[in-house]
$ cat protein.cif   # mmCIF, C-alpha atoms
data_start
#
loop_
_atom_site.group_PDB
_atom_site.id
_atom_site.type_symbol
_atom_site.label_atom_id
_atom_site.label_comp_id
_atom_site.auth_asym_id
_atom_site.auth_seq_id
_atom_site.Cartn_x
_atom_site.Cartn_y
_atom_site.Cartn_z
ATOM 1 C CA MET A 1 -27.407 4.624 -10.287
ATOM 2 C CA LYS A 2 -23.926 5.039 -8.947
ATOM 3 C CA ASN A 3 -22.715 1.980 -7.166
ATOM 4 C CA PHE A 4 -19.229 2.473 -5.799
ATOM 5 C CA ILE A 5 -17.521 -0.635 -4.533
ATOM 6 C CA PHE A 6 -14.277 -0.097 -2.663
ATOM 7 C CA LEU A 7 -12.157 -3.150 -3.183
ATOM 8 C CA MET A 8 -10.388 -4.027 0.017
ATOM 9 C CA LEU A 9 -7.889 -5.912 -2.041
ATOM 10 C CA ILE A 10 -5.975 -3.653 -4.391
ATOM 11 C CA ALA A 11 -3.386 -6.159 -5.509
ATOM 12 C CA SER A 12 -5.650 -9.170 -5.888
ATOM 13 C CA ASN A 13 -4.502 -11.738 -8.407
ATOM 14 C CA VAL A 14 -1.575 -9.623 -9.489
ATOM 15 C CA PHE A 15 1.644 -11.575 -9.733
ATOM 16 C CA GLY A 16 4.912 -9.712 -9.890
ATOM 17 C CA ALA A 17 8.115 -10.854 -11.475
ATOM 18 C CA ASP A 18 8.975 -12.619 -8.231
ATOM 19 C CA ASN A 19 5.732 -14.683 -8.221
ATOM 20 C CA SER A 20 4.217 -12.982 -5.174
ATOM 21 C CA GLN A 21 0.528 -12.462 -4.558
ATOM 22 C CA ILE A 22 -1.455 -10.823 -1.789
ATOM 23 C CA VAL A 23 -5.031 -11.912 -1.112
ATOM 24 C CA LYS A 24 -7.774 -10.943 1.341
ATOM 25 C CA VAL A 25 -8.472 -13.877 3.659
ATOM 26 C CA PHE A 26 -10.810 -12.754 6.447
ATOM 27 C CA ASP A 27 -14.125 -10.862 6.757
ATOM 28 C CA GLY A 28 -14.905 -10.665 3.052
ATOM 29 C CA THR A 29 -13.166 -9.288 0.020
ATOM 30 C CA ALA A 30 -14.910 -5.964 -0.476
ATOM 31 C CA ALA A 31 -16.700 -3.232 1.393
ATOM 32 C CA LYS A 32 -19.233 -0.978 -0.258
ATOM 33 C CA CYS A 33 -19.960 2.639 0.565
ATOM 34 C CA VAL A 34 -23.271 3.578 -1.043
ATOM 35 C CA THR A 35 -25.728 4.146 1.822
ATOM 36 C CA LYS A 36 -25.913 5.362 5.403
ATOM 37 C CA GLN A 37 -26.149 1.701 6.420
ATOM 38 C CA ASP A 38 -22.773 1.052 4.745
ATOM 39 C CA ALA A 39 -21.285 3.998 6.654
ATOM 40 C CA ASN A 40 -22.618 2.494 9.890
ATOM 41 C CA GLN A 41 -21.342 -0.978 9.063
ATOM 42 C CA HIS A 42 -17.829 0.347 8.385
ATOM 43 C CA LYS A 43 -17.822 3.065 11.047
ATOM 44 C CA MET A 44 -14.464 1.905 12.431
ATOM 45 C CA GLY A 45 -12.945 2.379 8.979
ATOM 46 C CA VAL A 46 -11.472 0.046 6.408
ATOM 47 C CA TYR A 47 -7.998 -0.403 5.043
ATOM 48 C CA SER A 48 -6.376 -1.736 1.920
ATOM 49 C CA LEU A 49 -3.003 -3.367 1.565
ATOM 50 C CA GLU A 50 -1.019 -3.135 -1.644
ATOM 51 C CA LEU A 51 1.976 -5.330 -2.352
ATOM 52 C CA ILE A 52 4.895 -3.200 -3.549
ATOM 53 C CA ASN A 53 7.757 -5.685 -3.621
ATOM 54 C CA THR A 54 9.085 -8.987 -2.307
ATOM 55 C CA LYS A 55 12.563 -10.445 -2.395
ATOM 56 C CA VAL A 56 13.705 -13.830 -1.115
ATOM 57 C CA THR A 57 17.377 -14.493 -0.440
ATOM 58 C CA GLU A 58 19.078 -17.500 1.093
ATOM 59 C CA ASP A 59 18.752 -16.037 4.607
ATOM 60 C CA ASN A 60 15.975 -13.423 4.478
ATOM 61 C CA VAL A 61 12.585 -12.501 3.072
ATOM 62 C CA TYR A 62 12.017 -8.813 2.304
ATOM 63 C CA VAL A 63 8.490 -7.455 1.904
ATOM 64 C CA THR A 64 7.282 -3.945 1.095
ATOM 65 C CA VAL A 65 3.560 -3.169 1.410
ATOM 66 C CA LYS A 66 1.485 0.012 1.399
ATOM 67 C CA MET A 67 -1.410 0.384 3.838
ATOM 68 C CA LYS A 68 -4.185 2.909 3.094
ATOM 69 C CA ASN A 69 -6.935 3.879 5.554
ATOM 70 C CA PHE A 70 -10.465 4.941 4.589
ATOM 71 C CA GLN A 71 -13.768 5.872 6.151
ATOM 72 C CA CYS A 72 -17.198 5.696 4.507
ATOM 73 C CA LYS A 73 -18.598 9.247 4.625
ATOM 74 C CA ARG A 74 -21.404 11.212 3.073
ATOM 75 C CA THR A 75 -20.113 13.711 0.501
ATOM 76 C CA PHE A 76 -21.771 16.201 -1.875
ATOM 77 C CA THR A 77 -22.236 13.439 -4.432
ATOM 78 C CA GLY A 78 -23.289 10.630 -2.075
ATOM 79 C CA TYR A 79 -21.461 8.198 0.143
ATOM 80 C CA ARG A 80 -17.797 7.608 -0.657
ATOM 81 C CA PHE A 81 -14.715 6.074 0.897
ATOM 82 C CA VAL A 82 -12.429 8.966 1.755
ATOM 83 C CA PRO A 83 -8.801 8.684 2.882
ATOM 84 C CA VAL A 84 -8.306 9.247 6.623
ATOM 85 C CA SER A 85 -5.484 8.903 9.101
ATOM 86 C CA ALA A 86 -5.118 5.584 10.889
ATOM 87 C CA TYR A 87 -5.663 7.630 14.076
ATOM 88 C CA GLN A 88 -8.760 9.488 12.884
ATOM 89 C CA THR A 89 -11.305 9.854 15.723
ATOM 90 C CA LEU A 90 -14.518 8.313 14.479
ATOM 91 C CA GLU A 91 -17.897 9.706 15.509
ATOM 92 C CA TYR A 92 -21.342 8.164 15.216
ATOM 93 C CA PHE A 93 -24.682 8.222 17.013
ATOM 94 C CA ASP A 94 -25.976 5.242 18.976
ATOM 95 C CA PHE A 95 -29.608 4.115 19.099
ATOM 96 C CA ASN A 96 -30.353 6.789 21.780
ATOM 97 C CA GLN A 97 -28.849 9.447 19.491
ATOM 98 C CA ASP A 98 -25.942 9.938 21.910
ATOM 99 C CA LEU A 99 -22.671 10.927 20.257
ATOM 100 C CA ILE A 100 -20.149 8.080 20.434
ATOM 101 C CA LYS A 101 -16.489 8.844 19.793
ATOM 102 C CA ALA A 102 -13.943 6.134 19.047
ATOM 103 C CA LYS A 103 -10.415 7.496 19.406
ATOM 104 C CA PRO A 104 -7.606 5.158 18.321
ATOM 105 C CA LEU A 105 -4.844 5.221 20.946
ATOM 106 C CA ARG A 106 -2.524 2.755 19.228
ATOM 107 C CA VAL A 107 -2.680 1.347 15.710
ATOM 108 C CA SER A 108 -0.518 -1.705 15.052
ATOM 109 C CA PHE A 109 0.434 -3.319 11.767
ATOM 110 C CA ARG A 110 0.981 -7.010 12.523
ATOM 111 C CA SER A 111 2.038 -10.170 10.751
ATOM 112 C CA TYR A 112 2.410 -13.866 11.417
ATOM 113 C CA VAL A 113 3.027 -17.042 9.446
ATOM 114 C CA ASP A 114 -0.157 -18.850 8.440
ATOM 115 C CA GLY A 115 -0.632 -21.886 10.673
ATOM 116 C CA GLN A 116 2.091 -20.847 13.148
ATOM 117 C CA TYR A 117 0.398 -17.756 14.667
ATOM 118 C CA ASP A 118 3.597 -16.490 16.267
ATOM 119 C CA LEU A 119 3.690 -12.712 15.989
ATOM 120 C CA LEU A 120 6.430 -11.682 13.538
ATOM 121 C CA THR A 121 5.694 -7.975 13.165
ATOM 122 C CA ASP A 122 4.072 -5.487 15.533
ATOM 123 C CA ARG A 123 4.808 -2.077 14.047
ATOM 124 C CA LEU A 124 3.231 1.127 15.261
ATOM 125 C CA ALA A 125 1.369 2.786 12.389
ATOM 126 C CA ALA A 126 1.989 6.467 11.730
ATOM 127 C CA ASP A 127 -0.693 9.156 11.953
ATOM 128 C CA LYS A 128 -1.072 9.160 8.160
ATOM 129 C CA MET A 129 -3.609 8.226 5.500
ATOM 130 C CA GLU A 130 -1.165 5.821 3.915
ATOM 131 C CA GLN A 131 2.076 4.270 5.015
ATOM 132 C CA VAL A 132 4.703 2.026 3.485
ATOM 133 C CA PHE A 133 6.068 -0.809 5.615
ATOM 134 C CA ARG A 134 9.428 -2.335 4.713
ATOM 135 C CA LEU A 135 9.744 -5.647 6.500
ATOM 136 C CA LYS A 136 12.585 -8.114 6.846
ATOM 137 C CA TYR A 137 12.070 -11.662 8.075
ATOM 138 C CA ASN A 138 14.599 -14.379 8.800
ATOM 139 C CA ARG A 139 13.823 -16.978 6.177
ATOM 140 C CA SER A 140 13.939 -19.731 8.798
ATOM 141 C CA ASP A 141 11.036 -17.979 10.612
ATOM 142 C CA VAL A 142 8.725 -17.974 7.561
ATOM 143 C CA ASP A 143 9.833 -20.804 5.247
ATOM 144 C CA PHE A 144 8.730 -24.270 6.358
ATOM 145 C CA GLY A 145 9.406 -26.196 3.152
ATOM 146 C CA ALA A 146 6.029 -25.701 1.448
ATOM 147 C CA LYS A 147 5.739 -24.522 -2.167
ATOM 148 C CA THR A 148 4.901 -21.018 -0.956
ATOM 149 C CA ILE A 149 5.850 -18.764 1.921
ATOM 150 C CA ASP A 150 2.577 -17.514 3.462
ATOM 151 C CA ILE A 151 2.604 -14.436 5.694
ATOM 152 C CA ASP A 152 -0.619 -12.912 7.069
ATOM 153 C CA PHE A 153 -1.014 -9.184 7.808
ATOM 154 C CA TRP A 154 -3.681 -7.356 9.775
ATOM 155 C CA ILE A 155 -4.372 -4.107 11.606
ATOM 156 C CA ASN A 156 -5.188 -3.913 15.304
ATOM 157 C CA LYS A 157 -6.448 -0.719 16.951
ATOM 158 C CA ASN A 158 -6.598 -0.014 20.679
ATOM 159 C CA VAL A 159 -9.571 2.361 20.835
ATOM 160 C CA ALA A 160 -11.015 4.553 23.610
ATOM 161 C CA PHE A 161 -14.811 4.840 23.388
ATOM 162 C CA SER A 162 -16.737 7.730 24.913
ATOM 163 C CA ARG A 163 -20.396 8.755 24.998
ATOM 164 C CA ASN A 164 -21.114 12.490 25.088
ATOM 165 C CA ASP A 165 -17.439 13.037 26.039
ATOM 166 C CA VAL A 166 -17.613 10.655 29.034
ATOM 167 C CA HIS A 167 -15.120 7.780 28.778
ATOM 168 C CA LEU A 168 -16.854 4.408 28.520
ATOM 169 C CA PHE A 169 -14.131 1.818 27.916
ATOM 170 C CA ASN A 170 -11.096 0.853 25.854
ATOM 171 C CA ASP A 171 -11.272 -2.015 23.410
ATOM 172 C CA SER A 172 -9.079 -3.755 20.885
ATOM 173 C CA VAL A 173 -10.484 -3.803 17.352
ATOM 174 C CA ALA A 174 -8.941 -6.196 14.820
ATOM 175 C CA PHE A 175 -9.351 -5.655 11.095
ATOM 176 C CA GLY A 176 -9.401 -8.335 8.402
ATOM 177 C CA SER A 177 -6.299 -10.134 7.238
ATOM 178 C CA TYR A 178 -4.408 -10.234 3.983
ATOM 179 C CA ARG A 179 -2.215 -13.172 3.058
ATOM 180 C CA LEU A 180 1.011 -12.768 1.114
ATOM 181 C CA LYS A 181 1.906 -15.857 -0.921
ATOM 182 C CA ILE A 182 5.443 -15.996 -2.266
ATOM 183 C CA LYS A 183 6.132 -18.818 -4.711
ATOM 184 C CA LYS A 184 9.610 -20.238 -4.300
#
$ encode --input "protein.cif" --output "structure tokens"
Amino acid sequence: MKNFIFLMLIASNVFGADNSQIVKVFDGTAAKCVTKQDANQHKMGVYSLELINTKVTEDNVYVTVKMKNFQCKRTFTGYRFVPVSAYQTLEYFDFNQDLIKAKPLRVSFRSYVDGQYDLLTDRLAADKMEQVFRLKYNRSDVDFGAKTIDIDFWINKNVAFSRNDVHLFNDSVAFGSYRLKIKK
């Protein structure tokens, strides 16, 4: 039996030379894509965040991360996570078998300092399957004297929902967070 588990956390427990780590902190650590039920559960898609690099200077904190977007779909060999654009229109059938379309209008990559909750980053994501974000923070905005600098990242989508091509409503859909821990 094939049991494919897509780890939402690609860089889990991987420390670089600069003692940085990124961990999944909200809505679980993994999503599986094995059955139709899994495809339904993750119909709005999933994403992974990979830590590329961090650098801390006296005045700034530099972070480079790679975001990848996926959707659980049925393929010739079973259900699999396949790469999709962050703006991929998602289609599924509701309990009445009406076609529901969820079209992302705006996809934001956001960050804040753990415990502070002041928005630090609100970057518009590109219409791509994966994207690299190079971020620069003023150290005084993210370093509060603790042993680590903790920055949380998440994705927010503004989505237009329609049933049988009739607009229903717009909604904001937030995806789980990752926390970057930089040891000083």
$ closest_residue --input "protein.cif" --among "A:Lys32, A:Lys101, A:Arg134, A:Lys73" --to "A:Ala160" --atoms "all atoms listed in the file"
A:Lys101
$ closest_residue --input "protein.cif" --among "A:Asn96, A:Thr54, A:Asn158, A:Ser111" --to "A:Lys184" --atoms "all atoms listed in the file"
A:Thr54
$ atom_distance --input "protein.cif" --atom1 "atom CA of A:Val107" --atom2 "atom CA of A:Lys66"
15.0 Å
$ resolve_selection --input "protein.cif" --expression "the PyMOL selection byres ((chain A and resi 63) around 9)" --output "JSON, numbers by chain"
{"A": [51, 52, 53, 54, 55, 56, 61, 62, 64, 65, 133, 134, 135, 136, 137]}
$ resolve_selection --input "protein.cif" --expression "the PyMOL selection byres ((chain A and resi 42) around 9)" --output "list in words"
Ala31, Lys32, Cys33, Gln37, Asp38, Ala39, Asn40, Gln41, Lys43, Met44, Gly45, Val46, Gln71 and Cys72 of chain A
$ resolve_selection --input "protein.cif" --expression "the PyMOL selection byres ((chain A and resi 164) around 12)" --output "list of chain:residue names"
A:Glu91, A:Tyr92, A:Phe93, A:Asp94, A:Asn96, A:Gln97, A:Asp98, A:Leu99, A:Ile100, A:Lys101, A:Ala102, A:Phe161, A:Ser162, A:Arg163, A:Asp165, A:Val166, A:His167, A:Leu168
$ write_last_selection --input "protein.cif" --atoms "C-alpha atoms" --output "compact mmCIF listing (two decimals), in the coordinates of the input"
# COMPACT_ATOMS: atom_id res chain seq x y z
CA GLU A 91 -17.90 9.71 15.51
CA TYR A 92 -21.34 8.16 15.22
CA PHE A 93 -24.68 8.22 17.01
CA ASP A 94 -25.98 5.24 18.98
CA ASN A 96 -30.35 6.79 21.78
CA GLN A 97 -28.85 9.45 19.49
CA ASP A 98 -25.94 9.94 21.91
CA LEU A 99 -22.67 10.93 20.26
CA ILE A 100 -20.15 8.08 20.43
CA LYS A 101 -16.49 8.84 19.79
CA ALA A 102 -13.94 6.13 19.05
CA PHE A 161 -14.81 4.84 23.39
CA SER A 162 -16.74 7.73 24.91
CA ARG A 163 -20.40 8.76 25.00
CA ASP A 165 -17.44 13.04 26.04
CA VAL A 166 -17.61 10.66 29.03
CA HIS A 167 -15.12 7.78 28.78
CA LEU A 168 -16.85 4.41 28.52
$ atom_distance --input "protein.cif" --atom1 "atom CA of A:Ile155" --atom2 "atom CA of A:Gly176"
7.3 Å
